[in-house]
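Asks: Structure below; questions to follow.
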Amino acid sequence: MKSMANDNTTTTLYITRHGQTHWNAERRMQGHANSDLTELGTQQATWLRDAVQDVDFAAIYASPSTRAYHTAEIIRGQRTQPVIPCDELKEIGLGSWEGQLVSEIKQQHPTEYFAFWHAPQEYQALNGGETFAQVSERALPKVNALIELHTGQTILLVTHAVTLKTIVSSFEDRPLARLWEPPVIHPTSLTKIVIENGVARIALYADVSHHEIKPSSPQLEKSAQGRSV
């Protein structure tokens with residue numbers, strides 16, 4: 001997806017993950033289920049709000065999951081445009097795993113759990129959720145449509161770890177087998193994709209320079225994808 005259809009324009013995508021949630025901190029899988037932002041998660045969204053306060057977003061799109069939508073509302077700040085819910089930006093559906101502790105899933109479904117994190121191309125979603133390919137099939141056409149709709153503009157997408165990785169991997173031509181390679185998608189890390197003269201480049205990928213508490217600190221260790229999405 002590196003070469004785009006529109007020439008002689010510059011279109012910019014800012015993409016972020018929601019802030020830390022209670023289930024992130026507890027190491028529970030979320031998927032389409034929801035857990036509210038922690039106090040730290042709200043702070044993370046505020047840090048990003050301040051970092052992008054001077055960016056002129058033509059539109060803000062967010063997964064309708066409360067954790068992502070609330071993050072988008074915080075980042076919006078004093079802007080007047082609405083946050084537009086976008087089902088295609090939801091996290092990967094995890095079926096019966098949603099709400100379960102990572103430790104329980106790892107013990108009860110070791111083969112499927114291993115595939116999820118280490119061989120995503122082999123993950124079969126036996127829990128009744130989605131495969132990684134299905135996330136790609138719903139998210140990428142929508143992102144392409146938004147690029148077409150907002151040609152020459154700057155937009156913000158607020159989404160989730162798997163969905164964000166899927167989107168950026170399409171610009172990198174990264175195969176699914178390498179999806180989980182670094183960088184880690186920390187809560188409210190910032191990714192920026194610039195499409196100029198029909199060619200996309202990744203200007204930022206999972207940047208956390210705006211974080212006042214860095215992800216390497218013990219306080220944030222559980223906020224990484226650190227095996228909770």
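Chain labels follow the order of the structure tokens: the first chain is A, the next B, and so on; residue numbering restarts at 1 in every chain, and ligands are counted from 1 in their shown order.
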Can you pull out the residues contacting region 54-61 of chain A? Cut-off 6 Å, using only C-alpha atoms, and skip same-chain residues under 5 positions away; I want them as a PyMOL selection string.

Replies: chain A and resi 83-85+154-157

Asks: Please produce a file of those selected residues containing N, CA, C and O atoms, as a PDB file, in the first residue's frame.

Replies:
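Here's the written file out.pdb:
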```
ATOM      1  N   VAL A  83     -16.030  13.554  17.093  1.00  0.00           N
ATOM      2  CA  VAL A  83     -15.282  12.307  16.905  1.00  0.00           C
ATOM      3  C   VAL A  83     -16.208  11.341  16.175  1.00  0.00           C
ATOM      4  O   VAL A  83     -17.323  11.066  16.641  1.00  0.00           O
ATOM      5  N   ILE A  84     -15.768  10.848  15.030  1.00  0.00           N
ATOM      6  CA  ILE A  84     -16.613  10.004  14.192  1.00  0.00           C
ATOM      7  C   ILE A  84     -16.345   8.532  14.509  1.00  0.00           C
ATOM      8  O   ILE A  84     -15.222   8.049  14.329  1.00  0.00           O
ATOM      9  N   PRO A  85     -17.356   7.799  15.011  1.00  0.00           N
ATOM     10  CA  PRO A  85     -17.133   6.378  15.304  1.00  0.00           C
ATOM     11  C   PRO A  85     -16.967   5.578  14.022  1.00  0.00           C
ATOM     12  O   PRO A  85     -17.655   5.828  13.028  1.00  0.00           O
ATOM     13  N   THR A 154      -5.258  16.357   6.720  1.00  0.00           N
ATOM     14  CA  THR A 154      -4.663  15.629   7.838  1.00  0.00           C
ATOM     15  C   THR A 154      -5.781  15.086   8.711  1.00  0.00           C
ATOM     16  O   THR A 154      -6.694  15.828   9.081  1.00  0.00           O
ATOM     17  N   ILE A 155      -5.713  13.793   9.032  1.00  0.00           N
ATOM     18  CA  ILE A 155      -6.751  13.182   9.863  1.00  0.00           C
ATOM     19  C   ILE A 155      -6.113  12.383  10.999  1.00  0.00           C
ATOM     20  O   ILE A 155      -4.943  12.004  10.935  1.00  0.00           O
ATOM     21  N   LEU A 156      -6.914  12.135  12.023  1.00  0.00           N
ATOM     22  CA  LEU A 156      -6.488  11.348  13.185  1.00  0.00           C
ATOM     23  C   LEU A 156      -7.340  10.087  13.274  1.00  0.00           C
ATOM     24  O   LEU A 156      -8.570  10.157  13.188  1.00  0.00           O
ATOM     25  N   LEU A 157      -6.686   8.954  13.471  1.00  0.00           N
ATOM     26  CA  LEU A 157      -7.360   7.678  13.703  1.00  0.00           C
ATOM     27  C   LEU A 157      -6.979   7.186  15.095  1.00  0.00           C
ATOM     28  O   LEU A 157      -5.792   7.087  15.415  1.00  0.00           O
TER      29      LEU A 157
END
```

Asks: If you run DSSP on the backbone, which residues of region 61-217 of chain A are helix (DSSP H, G or I), as a VMD selection string?

Replies: chain A and resid 66 to 76 87 to 89 95 to 97 102 to 108 110 to 118 120 to 122 132 to 149 161 to 172 176 to 178

Asks: Between A:Asn144, A:Thr188, A:Gln44, A:Asn34, which has the minimum distance to Ala200 (chain A) (counting only C-alpha atoms)?

Replies: A:Asn144

Asks: Compare A:Thr38, A:Gln124, A:Thr46, A:Thr11 by their minimum atom-to-atom distance to Glu212 (chain A), counting only C-alpha atoms, and give me the closest one.

Replies: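 Closest residue, counting only C-alpha atoms: A:Thr46.
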
Asks: Name all residues at most 8 Å from Ala125 (chain A) (count only C-alpha atoms; drop same-chain ones fewer than 6 positions away) and give them as an NGL selection string.

Replies: :A and (94-95 or 112 or 131)

Asks: Any chance you can output those residues with C-alpha atoms as a PDB file, in the first residue's frame?

Replies:
```pdb
ATOM      1  CA  LEU A  94     -11.244 -12.286  20.697  1.00  0.00           C
ATOM      2  CA  GLY A  95     -14.457 -14.212  21.339  1.00  0.00           C
ATOM      3  CA  GLU A 112      -3.667 -20.951  20.112  1.00  0.00           C
ATOM      4  CA  THR A 131      -8.337 -13.891  12.573  1.00  0.00           C
TER       5      THR A 131
END
```

Asks: Quick one: pull the distance between CA of Ala72 (chain A) and CA of Thr9 (chain A), Å, one decimal.

Replies: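 We find that CA of Ala72 (chain A) and CA of Thr9 (chain A) lie 26.2 Å from each other.
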
Asks: Let's see if you can do this: from backbone DSSP, list all strand (DSSP E or B) residues in region 75-110 of chain A, as a ChimeraX atom specification.

Replies: /A:83-85,101

Asks: Name all residues at most 8 Å from Ser65 (chain A) (count only C-alpha atoms; drop same-chain ones fewer than 4 positions away) and give them as a PyMOL selection string.

Replies: chain A and resi 32-34+69+90

Asks: Could you work out how far CA of His18 (chain A) lies from CA of Glu181 (chain A), giving the answer in Å with one decimal?

Replies: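 Atom-to-atom, CA of Glu181 (chain A) to CA of His18 (chain A), that is 19.9 Å.
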